[in-house]
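Undergrad: Data: data-v5.txt, compact mmCIF, C-alpha atoms.
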```
# COMPACT_ATOMS: atom_id res chain seq x y z
CA ALA A 1 -3.12 -112.99 212.91
CA GLN A 2 -5.94 -110.71 211.89
CA SER A 3 -9.41 -111.78 212.91
CA VAL A 4 -12.99 -110.61 212.66
CA SER A 5 -15.53 -111.14 215.43
CA GLN A 6 -19.26 -111.09 215.10
CA HIS A 7 -20.60 -111.60 218.59
CA ASN A 8 -24.27 -111.88 217.67
CA HIS A 9 -24.67 -115.35 216.24
CA HIS A 10 -28.44 -115.36 215.99
CA VAL A 11 -30.75 -112.37 216.21
CA ILE A 12 -34.54 -112.56 216.22
CA LEU A 13 -36.59 -109.41 215.67
CA SER A 14 -40.09 -108.37 214.84
CA GLU A 15 -40.78 -106.27 211.78
CA ALA A 16 -40.16 -102.54 212.31
CA ALA A 17 -37.65 -103.18 215.09
CA SER A 18 -34.25 -101.54 214.86
CA LEU A 19 -31.20 -103.61 214.09
CA GLU A 20 -27.58 -103.37 215.08
CA LEU A 21 -25.11 -106.14 214.34
CA GLY A 22 -21.67 -105.97 215.83
CA CYS A 23 -18.38 -106.44 214.00
CA ASN A 24 -14.95 -106.03 215.54
CA TYR A 25 -11.61 -106.68 213.93
CA SER A 26 -8.09 -107.01 215.16
CA TYR A 27 -5.68 -104.95 213.09
CA GLY A 28 -4.12 -101.62 213.91
CA GLY A 29 -3.42 -100.33 210.42
CA THR A 30 -5.44 -99.32 207.39
CA VAL A 31 -8.47 -101.47 206.71
CA ASN A 32 -11.13 -101.86 204.06
CA LEU A 33 -14.40 -103.05 205.55
CA PHE A 34 -17.36 -104.86 204.06
CA TRP A 35 -20.75 -106.22 204.99
CA TYR A 36 -22.19 -109.02 202.89
CA VAL A 37 -25.65 -110.53 203.04
CA GLN A 38 -26.66 -114.07 202.15
CA TYR A 39 -30.40 -114.60 201.65
CA PRO A 40 -31.63 -118.17 202.14
CA GLY A 41 -30.30 -120.41 199.41
CA GLN A 42 -28.44 -117.63 197.66
CA HIS A 43 -24.87 -116.44 197.26
CA LEU A 44 -23.26 -113.59 199.14
CA GLN A 45 -24.03 -110.07 197.96
CA LEU A 46 -22.36 -106.85 198.97
CA LEU A 47 -24.43 -104.64 201.29
CA LEU A 48 -21.93 -101.86 201.79
CA LYS A 49 -18.24 -101.10 202.00
CA TYR A 50 -15.88 -98.64 203.61
CA PHE A 51 -12.53 -97.70 202.12
CA SER A 52 -11.94 -94.17 203.40
CA GLY A 53 -13.67 -90.85 204.06
CA ASP A 54 -16.96 -90.47 205.89
CA PRO A 55 -17.05 -93.23 208.53
CA LEU A 56 -20.83 -93.51 208.21
CA VAL A 57 -21.50 -95.58 205.14
CA LYS A 58 -24.87 -96.11 203.53
CA GLY A 59 -25.61 -99.26 201.60
CA ILE A 60 -28.46 -100.89 199.79
CA LYS A 61 -31.90 -101.60 201.24
CA GLY A 62 -31.65 -98.97 203.96
CA PHE A 63 -28.62 -100.45 205.71
CA GLU A 64 -25.79 -98.36 207.06
CA ALA A 65 -22.62 -99.00 208.99
CA GLU A 66 -20.33 -96.87 211.08
CA PHE A 67 -16.57 -97.29 211.18
CA ILE A 68 -15.19 -96.40 214.61
CA LYS A 69 -11.44 -96.68 214.35
CA SER A 70 -10.79 -96.31 218.06
CA LYS A 71 -13.05 -99.26 218.79
CA PHE A 72 -11.93 -101.36 215.80
CA SER A 73 -15.59 -101.72 214.97
CA PHE A 74 -17.83 -101.59 211.91
CA ASN A 75 -21.36 -102.21 213.15
CA LEU A 76 -24.26 -102.65 210.78
CA ARG A 77 -27.53 -100.85 211.43
CA LYS A 78 -31.01 -100.54 210.03
CA PRO A 79 -33.69 -98.39 211.68
CA SER A 80 -36.63 -100.62 210.78
CA VAL A 81 -36.23 -104.20 209.60
CA GLN A 82 -38.55 -106.05 207.27
CA TRP A 83 -39.39 -109.72 206.96
CA SER A 84 -37.37 -109.74 203.72
CA ASP A 85 -34.22 -108.87 205.69
CA THR A 86 -34.17 -112.43 207.05
CA ALA A 87 -30.71 -113.61 206.03
CA GLU A 88 -27.20 -114.26 207.23
CA TYR A 89 -24.91 -111.25 207.50
CA PHE A 90 -21.14 -111.40 207.23
CA CYS A 91 -18.61 -108.77 208.13
CA ALA A 92 -15.30 -108.90 206.23
CA VAL A 93 -12.05 -107.04 206.56
CA ASN A 94 -9.10 -106.49 204.29
CA ALA A 95 -6.19 -105.58 206.49
CA GLY A 96 -3.44 -103.38 205.17
CA GLY A 97 -3.98 -104.20 201.53
CA ALA A 98 -3.39 -107.90 202.10
CA ASP A 99 -4.18 -110.49 199.49
CA LYS A 100 -7.43 -111.63 201.00
CA LEU A 101 -10.59 -110.82 202.91
CA ILE A 102 -11.10 -112.19 206.37
CA PHE A 103 -14.68 -113.04 207.15
CA GLY A 104 -16.48 -113.18 210.46
CA THR A 105 -18.52 -116.24 211.35
CA GLY A 106 -21.76 -114.54 210.41
CA THR A 107 -24.96 -113.46 212.15
CA ARG A 108 -28.21 -115.13 211.34
CA LEU A 109 -31.09 -112.64 211.40
CA GLN A 110 -34.68 -113.80 211.58
CA VAL A 111 -37.42 -111.22 211.22
CA PHE A 112 -40.97 -112.19 212.09
CA PRO A 113 -44.01 -110.36 210.72
CA GLU B 1 -24.43 -109.67 182.71
CA ALA B 2 -21.43 -109.60 185.01
CA GLN B 3 -21.34 -112.83 186.94
CA VAL B 4 -19.43 -115.68 188.50
CA THR B 5 -20.66 -119.12 187.55
CA GLN B 6 -20.00 -122.43 189.23
CA ASN B 7 -20.72 -125.99 188.19
CA PRO B 8 -22.10 -128.24 189.39
CA ARG B 9 -24.44 -126.60 191.88
CA TYR B 10 -25.02 -129.84 193.75
CA LEU B 11 -22.82 -132.89 193.92
CA ILE B 12 -23.00 -136.12 195.88
CA THR B 13 -19.95 -138.34 195.62
CA VAL B 14 -18.12 -141.08 197.42
CA THR B 15 -14.88 -141.00 199.33
CA GLY B 16 -11.82 -141.06 197.11
CA LYS B 17 -13.47 -140.28 193.79
CA LYS B 18 -11.70 -137.31 192.22
CA LEU B 19 -13.88 -134.35 191.34
CA THR B 20 -13.56 -130.87 189.90
CA VAL B 21 -15.77 -127.87 190.57
CA THR B 22 -15.51 -125.28 187.85
CA CYS B 23 -15.60 -121.52 188.34
CA SER B 24 -15.72 -118.89 185.65
CA GLN B 25 -16.05 -115.10 185.69
CA ASN B 26 -16.77 -112.73 182.82
CA MET B 27 -15.54 -109.49 184.43
CA ASN B 28 -11.87 -109.76 183.49
CA HIS B 29 -11.00 -109.86 187.18
CA GLU B 30 -7.43 -110.61 188.16
CA TYR B 31 -8.20 -112.05 191.58
CA MET B 32 -10.15 -115.23 192.18
CA SER B 33 -10.72 -117.22 195.32
CA TRP B 34 -12.37 -120.33 196.70
CA TYR B 35 -14.14 -120.47 200.07
CA ARG B 36 -15.92 -123.13 202.00
CA GLN B 37 -18.83 -122.27 204.26
CA ASP B 38 -19.64 -124.41 207.27
CA PRO B 39 -22.21 -123.74 210.01
CA GLY B 40 -20.73 -121.69 212.83
CA LEU B 41 -17.44 -121.21 211.01
CA GLY B 42 -18.40 -118.65 208.40
CA LEU B 43 -16.39 -118.50 205.20
CA ARG B 44 -12.89 -119.85 205.18
CA GLN B 45 -10.58 -119.32 202.27
CA ILE B 46 -9.17 -122.41 200.57
CA TYR B 47 -7.00 -121.00 197.79
CA TYR B 48 -6.71 -117.78 195.90
CA SER B 49 -5.12 -116.56 192.70
CA MET B 50 -3.74 -113.12 191.99
CA ASN B 51 -3.53 -113.71 188.25
CA VAL B 52 -2.88 -116.36 185.64
CA GLU B 53 -0.45 -119.03 186.88
CA VAL B 54 -0.26 -117.35 190.31
CA THR B 55 -1.99 -119.24 193.11
CA ASP B 56 -1.53 -119.37 196.86
CA LYS B 57 -2.91 -121.18 199.86
CA GLY B 58 -5.63 -119.74 202.00
CA ASP B 59 -6.51 -120.80 205.50
CA VAL B 60 -7.74 -124.35 204.79
CA PRO B 61 -5.93 -125.68 201.69
CA GLU B 62 -5.43 -129.29 202.77
CA GLY B 63 -7.06 -131.77 200.42
CA TYR B 64 -7.62 -129.25 197.63
CA LYS B 65 -5.84 -128.18 194.48
CA VAL B 66 -6.43 -125.31 192.09
CA SER B 67 -5.12 -124.08 188.78
CA ARG B 68 -5.31 -120.79 186.91
CA LYS B 69 -4.41 -121.36 183.30
CA GLU B 70 -6.79 -118.73 181.97
CA LYS B 71 -7.85 -115.48 183.56
CA ARG B 72 -11.55 -116.32 183.58
CA ASN B 73 -11.38 -119.85 185.02
CA PHE B 74 -10.34 -121.11 188.44
CA PRO B 75 -11.29 -124.74 189.01
CA LEU B 76 -11.19 -126.41 192.41
CA ILE B 77 -9.96 -129.98 192.42
CA LEU B 78 -10.49 -132.57 195.13
CA GLU B 79 -8.13 -135.42 194.27
CA SER B 80 -9.43 -137.78 196.96
CA PRO B 81 -12.49 -136.33 198.65
CA SER B 82 -13.26 -137.24 202.24
CA PRO B 83 -16.45 -136.77 204.30
CA ASN B 84 -14.94 -133.78 206.13
CA GLN B 85 -14.95 -131.94 202.82
CA THR B 86 -18.73 -132.01 202.78
CA SER B 87 -19.53 -128.31 202.64
CA LEU B 88 -20.90 -125.41 200.65
CA TYR B 89 -18.27 -123.99 198.32
CA PHE B 90 -18.17 -120.50 196.88
CA CYS B 91 -15.99 -119.08 194.17
CA ALA B 92 -15.40 -115.34 194.14
CA SER B 93 -13.60 -112.83 191.98
CA SER B 94 -12.35 -109.32 192.48
CA LEU B 95 -10.82 -106.59 190.37
CA SER B 96 -7.49 -106.96 192.12
CA ARG B 97 -6.09 -108.68 195.18
CA GLY B 98 -8.34 -108.91 198.19
CA VAL B 99 -8.72 -105.20 198.63
CA TYR B 100 -11.76 -104.70 196.51
CA GLU B 101 -15.31 -105.94 196.62
CA GLN B 102 -15.59 -109.64 195.82
CA TYR B 103 -18.30 -111.03 193.58
CA PHE B 104 -19.53 -114.46 194.56
CA GLY B 105 -20.78 -117.39 192.56
CA PRO B 106 -24.02 -119.21 193.44
CA GLY B 107 -22.29 -121.92 195.43
CA THR B 108 -21.74 -125.66 195.09
CA ARG B 109 -23.14 -127.95 197.74
CA LEU B 110 -20.89 -130.98 197.98
CA THR B 111 -21.68 -134.12 199.93
CA VAL B 112 -19.02 -136.79 200.31
CA THR B 113 -20.26 -140.12 201.65
```
Just give me the structure as structure tokens.

TA:
Amino acid sequence: AQSVSQHNHHVILSEAASLELGCNYSYGGTVNLFWYVQYPGQHLQLLLKYFSGDPLVKGIKGFEAEFIKSKFSFNLRKPSVQWSDTAEYFCAVNAGGADKLIFGTGTRLQVFP
Amino acid sequence: EAQVTQNPRYLITVTGKKLTVTCSQNMNHEYMSWYRQDPGLGLRQIYYSMNVEVTDKGDVPEGYKVSRKEKRNFPLILESPSPNQTSLYFCASSLSRGVYEQYFGPGTRLTVT
């Protein structure tokens, strides 16, 4: 069965530090990839998505992610985090045009001023 | 405004008392889905619907029912709630299938005592 792994469960950073959150999936075919963010007490919102084309995808609020097919990875990055980036981040994969998204378990990011 | 709405937002109930959580979207989306979010487990899909009168089980369907009589509505029914169904529930909709970006509702926090 397809699965999504987010190995960083909890990340603590100071403001202005760089961020990279890992996401790996297990599926050898075509994938659509997503990163969602959940701010405290709020619903999930889309940060960015990859369907095809340039493997470096830019999203909202200065986030970007790189799809590396050979590594089955879609890591999320931000050069300089802000306190307002404190949230939980979820990677999600649609494998081969299936009927559903598969979510990772999430990474909780805390940014301190 | 394009949105997914859920009601109620908070619910405390007792074991065995039937309840329904409503979900409605105003984007004319074909695909709708229910997830539960639990600490350390991320989002797990309960049921999904590809269109009116078409529903299917997700990863954790036990103890839940759904119906899709109209395109905009996708209620989640707990016929006999149990404490292990205490969770945060999200409804989501998408243009089609699971391939596309999903739009999430604000969530329903359910406590079953």

Undergrad: Fewer than 2 positions away in the same chain doesn't count, so skip those; otherwise give me all residues within 12 Å of Thr107 of chain A, counting all atoms listed in the file, as a JSON list (two decimals) with C-alpha atoms, in the frame of the given file.

TA:
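So the final result, stored in result_18.json, reads:
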```json
[["chain", "number", "residue", "atom", "x", "y", "z"],
["A", 5, "SER", "CA", -15.53, -111.14, 215.43],
["A", 6, "GLN", "CA", -19.26, -111.09, 215.10],
["A", 7, "HIS", "CA", -20.60, -111.60, 218.59],
["A", 8, "ASN", "CA", -24.27, -111.88, 217.67],
["A", 9, "HIS", "CA", -24.67, -115.35, 216.24],
["A", 10, "HIS", "CA", -28.44, -115.36, 215.99],
["A", 11, "VAL", "CA", -30.75, -112.37, 216.21],
["A", 12, "ILE", "CA", -34.54, -112.56, 216.22],
["A", 19, "LEU", "CA", -31.20, -103.61, 214.09],
["A", 20, "GLU", "CA", -27.58, -103.37, 215.08],
["A", 21, "LEU", "CA", -25.11, -106.14, 214.34],
["A", 22, "GLY", "CA", -21.67, -105.97, 215.83],
["A", 23, "CYS", "CA", -18.38, -106.44, 214.00],
["A", 35, "TRP", "CA", -20.75, -106.22, 204.99],
["A", 36, "TYR", "CA", -22.19, -109.02, 202.89],
["A", 37, "VAL", "CA", -25.65, -110.53, 203.04],
["A", 38, "GLN", "CA", -26.66, -114.07, 202.15],
["A", 39, "TYR", "CA", -30.40, -114.60, 201.65],
["A", 75, "ASN", "CA", -21.36, -102.21, 213.15],
["A", 76, "LEU", "CA", -24.26, -102.65, 210.78],
["A", 86, "THR", "CA", -34.17, -112.43, 207.05],
["A", 87, "ALA", "CA", -30.71, -113.61, 206.03],
["A", 88, "GLU", "CA", -27.20, -114.26, 207.23],
["A", 89, "TYR", "CA", -24.91, -111.25, 207.50],
["A", 90, "PHE", "CA", -21.14, -111.40, 207.23],
["A", 91, "CYS", "CA", -18.61, -108.77, 208.13],
["A", 103, "PHE", "CA", -14.68, -113.04, 207.15],
["A", 104, "GLY", "CA", -16.48, -113.18, 210.46],
["A", 105, "THR", "CA", -18.52, -116.24, 211.35],
["A", 109, "LEU", "CA", -31.09, -112.64, 211.40],
["A", 110, "GLN", "CA", -34.68, -113.80, 211.58],
["B", 39, "PRO", "CA", -22.21, -123.74, 210.01],
["B", 40, "GLY", "CA", -20.73, -121.69, 212.83],
["B", 41, "LEU", "CA", -17.44, -121.21, 211.01],
["B", 42, "GLY", "CA", -18.40, -118.65, 208.40]]
```

Undergrad: What is the atom CA of Phe90 of chain B-atom CA of Val14 of chain B distance in Å, reported with one decimal?

TA: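 Atom-to-atom, atom CA of Phe90 of chain B to atom CA of Val14 of chain B, that is 20.6 Å.
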
Undergrad: Please compute the atom CA of Ser96 of chain B-atom CA of His29 of chain B distance, one decimal, in Å.

TA: 6.7 Å

Undergrad: May I ask you to extract the residues of chain A within 6 Å of chain B, using only C-alpha atoms, and to give them as a list in words?

TA: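 Output check: His43, Leu44, Asn94, Gly97, Asp99, Lys100, Leu101, Thr105 and Gly106 of chain A.
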
Undergrad: At a cut-off of 8 Å from (-22.9, -95.5, 199.3) in the coordinates of the file, what residues are picked up using only C-alpha atoms, written as a list in words?

TA: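 Residues lying no farther than 8 Å from the given point: Leu48, Lys49, Val57, Lys58, Gly59 and Ile60 of chain A.
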
Undergrad: Please list, as a ChimeraX atom specification, the residues that have an atom at most 10 Å away from (-21.2, -130.1, 187.7) in the coordinates of this file, counting all atoms listed in the file.

TA: /B:6-11,19-22,108

Undergrad: Go ahead and fit an axis-aligned box to every listed atom of segment 66-84 of chain A plus 4 Å each side, and pass me the centre and edge lengths in Å, one decimal, as JSON.

TA:
```
{"center_x": -25.1, "center_y": -103.0, "center_z": 211.3, "size_x": 36.6, "size_y": 21.4, "size_z": 23.1}
```

Undergrad: Just want the 8 Å neighbourhood of Tyr25 of chain A, counted on all atoms listed in the file, with same-chain residues fewer than 3 positions away dropped. Output as a list in words.

TA: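 Residues near the query, excluding close chain neighbours: Gln2, Ser3, Val4, Ser5, Phe72, Ser73 and Val93 of chain A.
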
Undergrad: Could you list, as a PDB file with C-alpha atoms, in the coordinates of the input, every residue within 12 Å of Ala1 of chain A, counting all atoms listed in the file and ignoring same-chain residues fewer than 4 positions away?

TA:
```pdb
ATOM      1  CA  TYR A  25     -11.610-106.680 213.930  1.00  0.00           C
ATOM      2  CA  SER A  26      -8.090-107.010 215.160  1.00  0.00           C
ATOM      3  CA  TYR A  27      -5.680-104.950 213.090  1.00  0.00           C
ATOM      4  CA  GLY A  28      -4.120-101.620 213.910  1.00  0.00           C
ATOM      5  CA  ALA A  95      -6.190-105.580 206.490  1.00  0.00           C
ATOM      6  CA  ALA A  98      -3.390-107.900 202.100  1.00  0.00           C
ATOM      7  CA  ILE A 102     -11.100-112.190 206.370  1.00  0.00           C
TER       8      ILE A 102
ATOM      9  CA  ASP B  59      -6.510-120.800 205.500  1.00  0.00           C
TER      10      ASP B  59
END
```

Undergrad: Kindly indicate which residue among A:Val111, A:Asn32, A:Gln82, A:Ala65 lies nearest to Ser52 of chain A, using all atoms listed in the file for the distances.

TA: A:Asn32

Undergrad: Could you list, as a PyMOL selection string, every residue within 9 Å of Lys69 of chain B, counting all atoms listed in the file and ignoring same-chain residues fewer than 5 positions away?

TA: chain B and resi 52-53+74

Undergrad: Kindly give the distance, in Å, that separates atom CA of Gln25 of chain B and atom CA of Tyr64 of chain B, rounded to a single decimal.

TA: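 Atom-to-atom, atom CA of Gln25 of chain B to atom CA of Tyr64 of chain B, that is 20.3 Å.
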
Undergrad: Which one of B:Glu62, B:Glu70, B:Glu79, B:Glu1 sits closest to Ser24 of chain B if you count all atoms listed in the file?

TA: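 Of B:Glu62, B:Glu70, B:Glu79, B:Glu1, the one nearest Ser24 of chain B is B:Glu70, counting all atoms listed in the file.
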
Undergrad: For Arg77 of chain A, which of A:Leu46, A:Ala92, A:Leu56, A:Leu33 is the closest residue, counting all atoms listed in the file?

TA: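 When distances to Arg77 of chain A are compared using all atoms listed in the file, the smallest one comes from A:Leu56.
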
Undergrad: List as an NGL selection string the protein and nucleic acid residues near Glu15 of chain A, meaning an atom at most 7 Å away when all atoms listed in the file are counted, but skip any in the same chain fewer than 2 places from it.

TA: :A and (13 or 17 or 81-83 or 111-113)

Undergrad: Using all atoms listed in the file, find the one residue out of B:Ser87, B:Thr5, B:Thr15, B:Ser94 that sits nearest to Pro75 of chain B.

TA: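 Using all atoms listed in the file, the shortest distance to Pro75 of chain B belongs to B:Thr5.
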